[in-house]
$ cat run.txt   # compact mmCIF, C-alpha atoms and all ligand atoms
# COMPACT_ATOMS: atom_id res chain seq x y z
CA MET A 1 24.24 -4.97 -7.65
CA VAL A 2 22.25 -5.89 -4.55
CA ASN A 3 25.04 -5.44 -2.01
CA LYS A 4 25.56 -1.88 -3.27
CA LEU A 5 22.03 -1.02 -2.25
CA THR A 6 21.17 1.63 0.35
CA ILE A 7 17.74 1.90 1.98
CA LEU A 8 16.76 5.39 3.10
CA LYS A 9 13.89 5.83 5.55
CA LEU A 10 12.49 9.33 5.44
CA GLY A 11 10.87 9.77 8.81
CA GLY A 12 7.54 11.55 9.00
CA SER A 13 9.32 14.23 10.99
CA ALA A 14 11.60 14.99 8.01
CA ILE A 15 8.82 15.27 5.40
CA THR A 16 5.88 16.72 7.34
CA LYS A 17 5.47 19.11 10.23
CA LYS A 18 4.73 16.44 12.76
CA SER A 19 3.02 18.59 15.35
CA LYS A 20 0.63 20.22 12.83
CA PRO A 21 -2.07 17.90 11.43
CA LEU A 22 -1.88 17.26 7.68
CA THR A 23 1.01 19.68 7.07
CA PHE A 24 3.49 18.72 4.36
CA ASN A 25 7.09 20.04 4.50
CA SER A 26 7.68 20.71 0.80
CA ASN A 27 10.81 22.75 1.50
CA SER A 28 12.44 19.80 3.25
CA VAL A 29 11.41 17.31 0.52
CA HIS A 30 12.92 19.62 -2.14
CA LYS A 31 16.19 19.69 -0.18
CA ILE A 32 16.17 15.91 0.31
CA SER A 33 15.57 15.30 -3.41
CA LYS A 34 18.65 17.42 -4.23
CA VAL A 35 20.73 15.28 -1.85
CA ILE A 36 19.42 12.08 -3.47
CA LYS A 37 20.23 13.47 -6.93
CA LYS A 38 23.86 13.90 -5.80
CA PHE A 39 24.01 10.45 -4.18
CA ASN A 40 23.60 8.58 -7.45
CA GLU A 41 23.81 4.99 -6.13
CA PRO A 42 21.21 2.17 -6.04
CA LEU A 43 18.57 3.25 -3.55
CA ILE A 44 15.18 2.33 -2.10
CA ILE A 45 13.17 4.90 -0.15
CA VAL A 46 10.60 4.18 2.54
CA HIS A 47 8.74 7.11 4.03
CA GLY A 48 6.79 7.53 7.23
CA ALA A 49 3.35 8.95 7.93
CA GLY A 50 4.15 12.04 9.99
CA SER A 51 1.22 14.36 10.51
CA PHE A 52 -0.77 12.61 7.75
CA GLY A 53 -1.30 8.91 8.66
CA HIS A 54 -0.50 9.37 12.35
CA TYR A 55 -3.05 12.15 12.65
CA TYR A 56 -5.98 9.94 11.60
CA ALA A 57 -4.59 6.84 13.28
CA LYS A 58 -4.40 8.71 16.57
CA ARG A 59 -7.81 10.35 16.10
CA TYR A 60 -9.52 7.02 15.38
CA ARG A 61 -7.29 5.01 17.75
CA ILE A 62 -6.00 2.67 15.05
CA SER A 63 -2.62 1.02 15.64
CA ASP A 64 -0.82 -2.24 14.97
CA LYS A 65 -3.79 -4.11 16.50
CA PRO A 66 -6.25 -5.26 13.79
CA THR A 67 -9.42 -3.22 13.26
CA THR A 68 -12.45 -3.67 11.03
CA SER A 69 -13.43 0.00 11.20
CA THR A 70 -13.20 0.50 7.44
CA LYS A 71 -14.62 4.02 7.55
CA HIS A 72 -11.53 5.11 9.49
CA VAL A 73 -9.11 2.88 7.65
CA VAL A 74 -9.91 4.57 4.32
CA LYS A 75 -9.14 7.98 5.84
CA ILE A 76 -5.63 6.86 6.83
CA ARG A 77 -5.10 5.14 3.49
CA ASP A 78 -6.18 8.23 1.51
CA SER A 79 -3.93 10.49 3.59
CA MET A 80 -0.93 8.21 2.94
CA GLN A 81 -1.63 8.05 -0.80
CA LEU A 82 -1.83 11.85 -0.82
CA LEU A 83 1.45 12.23 1.13
CA ASN A 84 3.19 9.77 -1.21
CA GLN A 85 1.95 11.68 -4.27
CA LYS A 86 3.18 14.97 -2.84
CA ILE A 87 6.65 13.51 -2.20
CA VAL A 88 6.93 11.78 -5.57
CA LYS A 89 5.85 14.95 -7.39
CA ILE A 90 8.69 16.94 -5.82
CA PHE A 91 11.22 14.17 -6.48
CA HIS A 92 10.21 14.15 -10.15
CA GLU A 93 10.43 17.94 -10.39
CA ASN A 94 14.06 17.50 -9.27
CA GLN A 95 14.72 14.68 -11.78
CA VAL A 96 14.85 12.01 -9.10
CA ASN A 97 13.10 9.05 -10.73
CA THR A 98 11.19 7.36 -7.96
CA PHE A 99 8.80 4.52 -8.72
CA SER A 100 6.05 4.15 -6.17
CA PHE A 101 4.97 0.74 -4.81
CA SER A 102 1.96 0.57 -2.53
CA PRO A 103 2.64 -1.51 0.59
CA THR A 104 -0.86 -3.00 0.31
CA SER A 105 0.20 -4.73 -2.90
CA MET A 106 3.62 -5.78 -1.58
CA TYR A 107 2.46 -7.56 1.59
CA ILE A 108 0.68 -10.91 1.86
CA ASN A 109 -0.02 -12.15 5.42
CA LYS A 110 2.38 -9.62 6.98
CA LYS A 111 5.24 -10.69 4.70
CA ILE A 112 6.76 -9.40 1.46
CA PRO A 113 6.83 -12.49 -0.80
CA ASN A 114 10.19 -13.41 -2.36
CA ASP A 115 9.01 -12.50 -5.87
CA TRP A 116 9.31 -8.85 -4.83
CA LYS A 117 13.09 -9.25 -4.68
CA LYS A 118 13.18 -9.55 -8.48
CA ILE A 119 10.65 -6.76 -9.02
CA LEU A 120 12.59 -4.30 -6.86
CA GLN A 121 15.99 -5.31 -8.28
CA LYS A 122 14.68 -4.98 -11.82
CA SER A 123 13.32 -1.49 -11.10
CA ILE A 124 16.70 -0.45 -9.68
CA SER A 125 18.47 -1.87 -12.74
CA PHE A 126 16.40 0.61 -14.80
CA ASP A 127 17.82 3.42 -12.63
CA LEU A 128 14.54 3.85 -10.81
CA ILE A 129 14.29 4.44 -7.08
CA PRO A 130 11.52 2.24 -5.62
CA ILE A 131 9.58 4.15 -2.99
CA THR A 132 7.04 2.81 -0.50
CA PHE A 133 5.61 3.91 2.85
CA GLY A 134 4.10 2.95 6.19
CA ASP A 135 0.38 2.29 5.72
CA VAL A 136 -2.71 0.33 6.77
CA LEU A 137 -2.50 -3.25 5.55
CA LEU A 138 -5.14 -5.97 5.39
CA GLY A 139 -4.40 -8.97 7.63
CA ASN A 140 -6.42 -12.07 8.48
CA ASN A 141 -8.28 -10.31 11.33
CA GLY A 142 -8.73 -6.87 9.83
CA PHE A 143 -6.65 -3.82 9.00
CA TYR A 144 -3.54 -2.91 10.95
CA ILE A 145 -0.83 -0.28 10.70
CA HIS A 146 2.57 -1.37 9.50
CA SER A 147 5.09 1.43 10.06
CA GLY A 148 7.83 2.55 7.69
CA ASP A 149 10.49 1.51 10.22
CA LEU A 150 9.14 -2.08 10.14
CA ILE A 151 9.00 -2.08 6.32
CA VAL A 152 12.70 -1.15 6.28
CA HIS A 153 13.49 -4.24 8.37
CA ASP A 154 11.34 -6.45 6.10
CA LEU A 155 13.13 -5.06 3.01
CA CYS A 156 16.53 -5.69 4.63
CA LYS A 157 15.68 -9.37 5.12
CA LEU A 158 14.57 -9.56 1.48
CA LEU A 159 17.38 -7.58 -0.18
CA ASN A 160 20.38 -7.51 2.18
CA PRO A 161 21.44 -3.90 1.42
CA LYS A 162 24.86 -2.60 2.45
CA ARG A 163 23.46 0.30 4.44
CA VAL A 164 20.31 1.73 6.02
CA ILE A 165 19.90 5.41 6.86
CA PHE A 166 17.02 6.57 9.07
CA ALA A 167 16.58 10.28 8.38
CA SER A 168 14.59 11.99 11.13
CA ASN A 169 14.45 15.49 12.64
CA ILE A 170 17.18 14.86 15.22
CA ASP A 171 20.95 14.50 14.66
CA GLY A 172 20.85 11.03 16.22
CA ILE A 173 19.85 9.36 19.48
CA TYR A 174 20.37 11.37 22.66
CA GLN A 175 20.99 10.02 26.12
CA ASN A 176 18.64 12.83 27.15
CA PRO A 177 16.61 14.56 24.37
CA ASP A 178 16.69 17.83 26.33
CA ASP A 179 20.50 17.94 26.20
CA VAL A 180 21.96 18.31 22.66
CA SER A 181 25.45 17.56 23.95
CA SER A 182 24.34 14.02 24.88
CA LEU A 183 24.27 12.62 21.31
CA ILE A 184 25.29 8.94 21.37
CA PRO A 185 27.72 8.11 18.53
CA ILE A 186 27.42 4.30 18.75
CA ILE A 187 24.71 2.02 20.13
CA ASN A 188 25.31 -1.72 20.36
CA ASN A 189 22.57 -2.92 22.68
CA ASN A 190 19.20 -2.03 24.15
CA LYS A 191 20.42 -1.35 27.69
CA ASN A 192 21.33 2.33 27.43
CA ASN A 193 18.94 3.80 29.98
CA LEU A 194 17.88 6.43 27.47
CA LYS A 195 15.44 9.18 28.27
CA PHE A 196 12.56 9.67 25.82
CA SER A 197 10.48 12.77 25.21
CA LYS A 198 6.75 12.29 24.63
CA LEU A 199 5.25 12.72 21.15
CA ASN A 200 1.70 13.75 20.37
CA TYR A 201 1.23 12.27 16.92
CA ASP A 202 2.75 8.83 16.90
CA VAL A 203 1.00 5.49 16.93
CA THR A 204 3.92 3.30 15.92
CA GLY A 205 6.21 3.66 18.90
CA GLY A 206 8.28 6.65 17.74
CA ILE A 207 11.98 6.60 18.47
CA LYS A 208 11.80 3.41 20.59
CA THR A 209 10.59 1.41 17.56
CA LYS A 210 13.32 3.00 15.45
CA ILE A 211 16.03 1.97 17.95
CA ASN A 212 14.70 -1.60 18.14
CA GLN A 213 14.46 -1.93 14.35
CA SER A 214 17.94 -0.41 13.92
CA LEU A 215 19.46 -2.98 16.30
CA LYS A 216 17.63 -5.82 14.52
CA ILE A 217 18.93 -4.59 11.14
CA ALA A 218 22.47 -4.18 12.49
CA ASN A 219 22.24 -7.79 13.69
CA LEU A 220 21.71 -8.84 10.06
CA GLY A 221 25.24 -7.45 9.40
CA ILE A 222 23.97 -4.25 7.72
CA ASP A 223 25.35 -0.75 8.50
CA VAL A 224 22.66 1.38 10.18
CA GLN A 225 22.76 5.04 11.07
CA ILE A 226 20.16 7.52 12.37
CA THR A 227 20.78 11.07 11.21
CA ASN A 228 19.05 14.35 10.49
CA GLY A 229 17.01 14.48 7.28
CA LEU A 230 16.61 18.25 7.67
CA ASN A 231 20.37 18.77 7.26
CA SER A 232 21.40 18.20 3.61
CA LYS A 233 25.14 18.08 4.35
CA THR A 234 25.04 15.39 7.01
CA LEU A 235 22.35 13.42 5.14
CA LEU A 236 24.61 13.14 2.06
CA LYS A 237 27.57 12.19 4.25
CA ALA A 238 25.50 9.50 5.96
CA LEU A 239 24.36 8.07 2.61
CA ARG A 240 28.04 7.94 1.55
CA GLY A 241 28.96 5.99 4.67
CA GLU A 242 30.42 8.73 6.88
CA HIS A 243 29.67 8.65 10.59
CA VAL A 244 27.60 11.75 11.37
CA GLY A 245 24.78 10.61 13.68
CA THR A 246 24.18 7.47 15.73
CA ILE A 247 25.55 4.24 14.28
CA PHE A 248 24.16 0.86 15.36
CA VAL A 249 26.50 -2.06 15.76
CA GLY A 250 25.09 -5.59 15.74
CA ASP A 251 26.36 -8.82 17.37
CA LYS A 252 27.79 -10.02 14.08
CA MET A 253 30.19 -7.09 13.59
N1 LIG B 1 16.35 9.93 23.40
C1 LIG B 1 15.93 10.46 22.24
N2 LIG B 1 16.82 10.71 21.25
C2 LIG B 1 16.40 11.23 20.07
N3 LIG B 1 15.11 11.54 19.79
C3 LIG B 1 14.17 11.32 20.74
C4 LIG B 1 14.54 10.78 22.01
N4 LIG B 1 13.41 10.68 22.74
C5 LIG B 1 12.41 11.13 22.00
N5 LIG B 1 12.84 11.54 20.79
C6 LIG B 1 11.96 12.08 19.76
O1 LIG B 1 11.85 11.13 18.72
C7 LIG B 1 11.57 11.85 17.52
C8 LIG B 1 11.94 10.99 16.36
O2 LIG B 1 11.10 9.86 16.34
P1 LIG B 1 9.90 9.83 15.30
O3 LIG B 1 9.03 11.02 15.53
O4 LIG B 1 9.28 8.48 15.31
O5 LIG B 1 10.72 10.06 13.99
P2 LIG B 1 10.29 9.80 12.48
O6 LIG B 1 9.18 10.76 12.21
O7 LIG B 1 11.56 10.15 11.80
O8 LIG B 1 9.90 8.38 12.39
C9 LIG B 1 12.37 13.11 17.64
O9 LIG B 1 11.71 14.19 17.01
C10 LIG B 1 12.51 13.34 19.14
O10 LIG B 1 11.70 14.40 19.58
MG MG B 2 8.46 7.28 13.59

$ encode --input "run.txt" --output "structure tokens"
Amino acid sequence: MVNKLTILKLGGSAITKKSKPLTFNSNSVHKISKVIKKFNEPLIIVHGAGSFGHYYAKRYRISDKPTTSTKHVVKIRDSMQLLNQKIVKIFHENQVNTFSFSPTSMYINKKIPNDWKKILQKSISFDLIPITFGDVLLGNNGFYIHSGDLIVHDLCKLLNPKRVIFASNIDGIYQNPDDVSSLIPIINNNKNNLKFSKLNYDVTGGIKTKINQSLKIANLGIDVQITNGLNSKTLLKALRGEHVGTIFVGDKM
């Protein structure tokens, strides 16, 4: 069962309007839930923060460095709970049975304990789709942000899925983001001399973090692809293992 698993990361840019604070993209989430309904294979979903969590994190300068500013931490936390509820509601309206797990209950000392393997597998065996999200977590020295892209890597180490799809608002990784003809079909190392455009609302490293996590996951021997979550056709193809965006190839391939 486990090696049939796919992990889908819904980037904040695919579920919110990233440049407009606190703006949910319900149209996109409806479309994504219809794709997931068609996919019909064991799945775990992790979603990002987009213009919800990132907005407050940026405003209050909270990042992966621990903070004890609880007044601000609760704002981020509430915005992520709200975003998760909005997503789950639409999934359920489309008969996609997600089952939400809060990252604050899954993590102990920056790790997901092994017991979670059984909990997640059991949920999947009941035809549920576990869903979790990037959030503020409590560490030894205070609260810190743990992004959805990092959670995907942690879940890969725990569950060894066959495939990971990062769904964002771009068709894949570009050599130069201003030139759509420069899409890179395969990336196998970190020395690509890529150009990066600047983002306003991102405290977790944006596309650079995603590339690093993708290479790390590929090095575990797992198929990884970055594709466009706003395009239902290519998203379904990617979930089914077709090459539509940027594929990452690890050392162990
Ligand atoms: N070289 C590049 N190739 C692709 N996207 C890039 C590149 N440089 C910057 N970006 C930006 O990265 C964004 C995706 O990263 P991010 O906002 O973190 O996605 P997500 O919300 O899916 O986590 C894209 O919207 C794009 O504007
Ligand atoms: Mg991101």

$ residues_near_ligand --input "run.txt" --ligand "ligand LIG 1 (chain B)" --cutoff "6 Å" --atoms "all atoms listed in the file" --output "PyMOL selection string"
chain A and resi 11-13+50+168-170+172-177+194-197+206-207

$ residues_around --input "run.txt" --residues "segment 54-68 of chain A" --least-positions-apart "4" --cutoff "9 Å" --atoms "all atoms listed in the file" --output "PyMOL selection string"
chain A and resi 12+18+20-22+49-50+72-73+75-76+79+136+138-147+200-204

$ closest_residue --input "run.txt" --among "A:Ile44, A:Leu82, A:Ile184, A:Ile211" --to "ligand MG 2 (chain B)" --atoms "all atoms listed in the file"
A:Ile211

$ closest_residue --input "run.txt" --among "A:Leu235, A:Ile129, A:Ala14, A:Leu8" --to "ligand MG 2 (chain B)" --atoms "only C-alpha atoms and all ligand atoms"
A:Ala14

$ atom_distance --input "run.txt" --atom1 "atom CA of Asn188 of chain A" --atom2 "atom CA of Phe39 of chain A"
27.4 Å

$ closest_residue --input "run.txt" --among "A:Ser123, A:Asn192, A:Thr16, A:Asn84" --to "ligand MG 2 (chain B)" --atoms "all atoms listed in the file"
A:Thr16

$ residues_around --input "run.txt" --residues "Arg240 of chain A" --least-positions-apart "2" --cutoff "10 Å" --atoms "only C-alpha atoms" --output "number ranges by chain"
A: 6, 39, 41, 163, 234-238, 242-243

$ atom_distance --input "run.txt" --atom1 "atom CA of Pro130 of chain A" --atom2 "atom CA of Thr98 of chain A"
5.6 Å

$ atom_distance --input "run.txt" --atom1 "atom CA of Leu215 of chain A" --atom2 "atom CA of Leu120 of chain A"
24.2 Å

$ residues_near_point --input "run.txt" --point "(18.2, 13.4, -9.7)" --cutoff "8 Å" --atoms "all atoms listed in the file" --output "PyMOL selection string"
chain A and resi 33-34+36-38+40+91+94-97

$ residues_around --input "run.txt" --residues "Pro42 of chain A" --least-positions-apart "6" --cutoff "7 Å" --atoms "all atoms listed in the file" --output "PyMOL selection string"
chain A and resi 4-6+124

$ write_last_selection --input "run.txt" --atoms "C-alpha atoms" --output "tab-separated table (two decimals), in the frame of the given file"
chain	number	residue	atom	x	y	z
A	4	LYS	CA	25.56	-1.88	-3.27
A	5	LEU	CA	22.03	-1.02	-2.25
A	6	THR	CA	21.17	1.63	0.35
A	124	ILE	CA	16.70	-0.45	-9.68

$ residues_near_point --input "run.txt" --point "(15.0, -7.6, -1.9)" --cutoff "9 Å" --atoms "all atoms listed in the file" --output "JSON, numbers by chain"
{"A": [2, 114, 115, 116, 117, 118, 119, 120, 121, 154, 155, 156, 157, 158, 159, 160, 161]}

$ axis_aligned_box --input "run.txt" --around "segment 203-211 of chain A" --padding-each-side "6 Å" --output "lines of an AutoDock Vina configuration file"
center_x = 8.5
center_y = 4.0
center_z = 18.0
size_x = 27.0
size_y = 17.2
size_z = 17.1

$ closest_residue --input "run.txt" --among "A:Thr104, A:Gln213, A:Ser26, A:Asn231" --to "ligand MG 2 (chain B)" --atoms "only C-alpha atoms and all ligand atoms"
A:Gln213

$ closest_residue --input "run.txt" --among "A:Lys233, A:Lys208, A:Arg77, A:Lys86" --to "ligand MG 2 (chain B)" --atoms "only C-alpha atoms and all ligand atoms"
A:Lys208
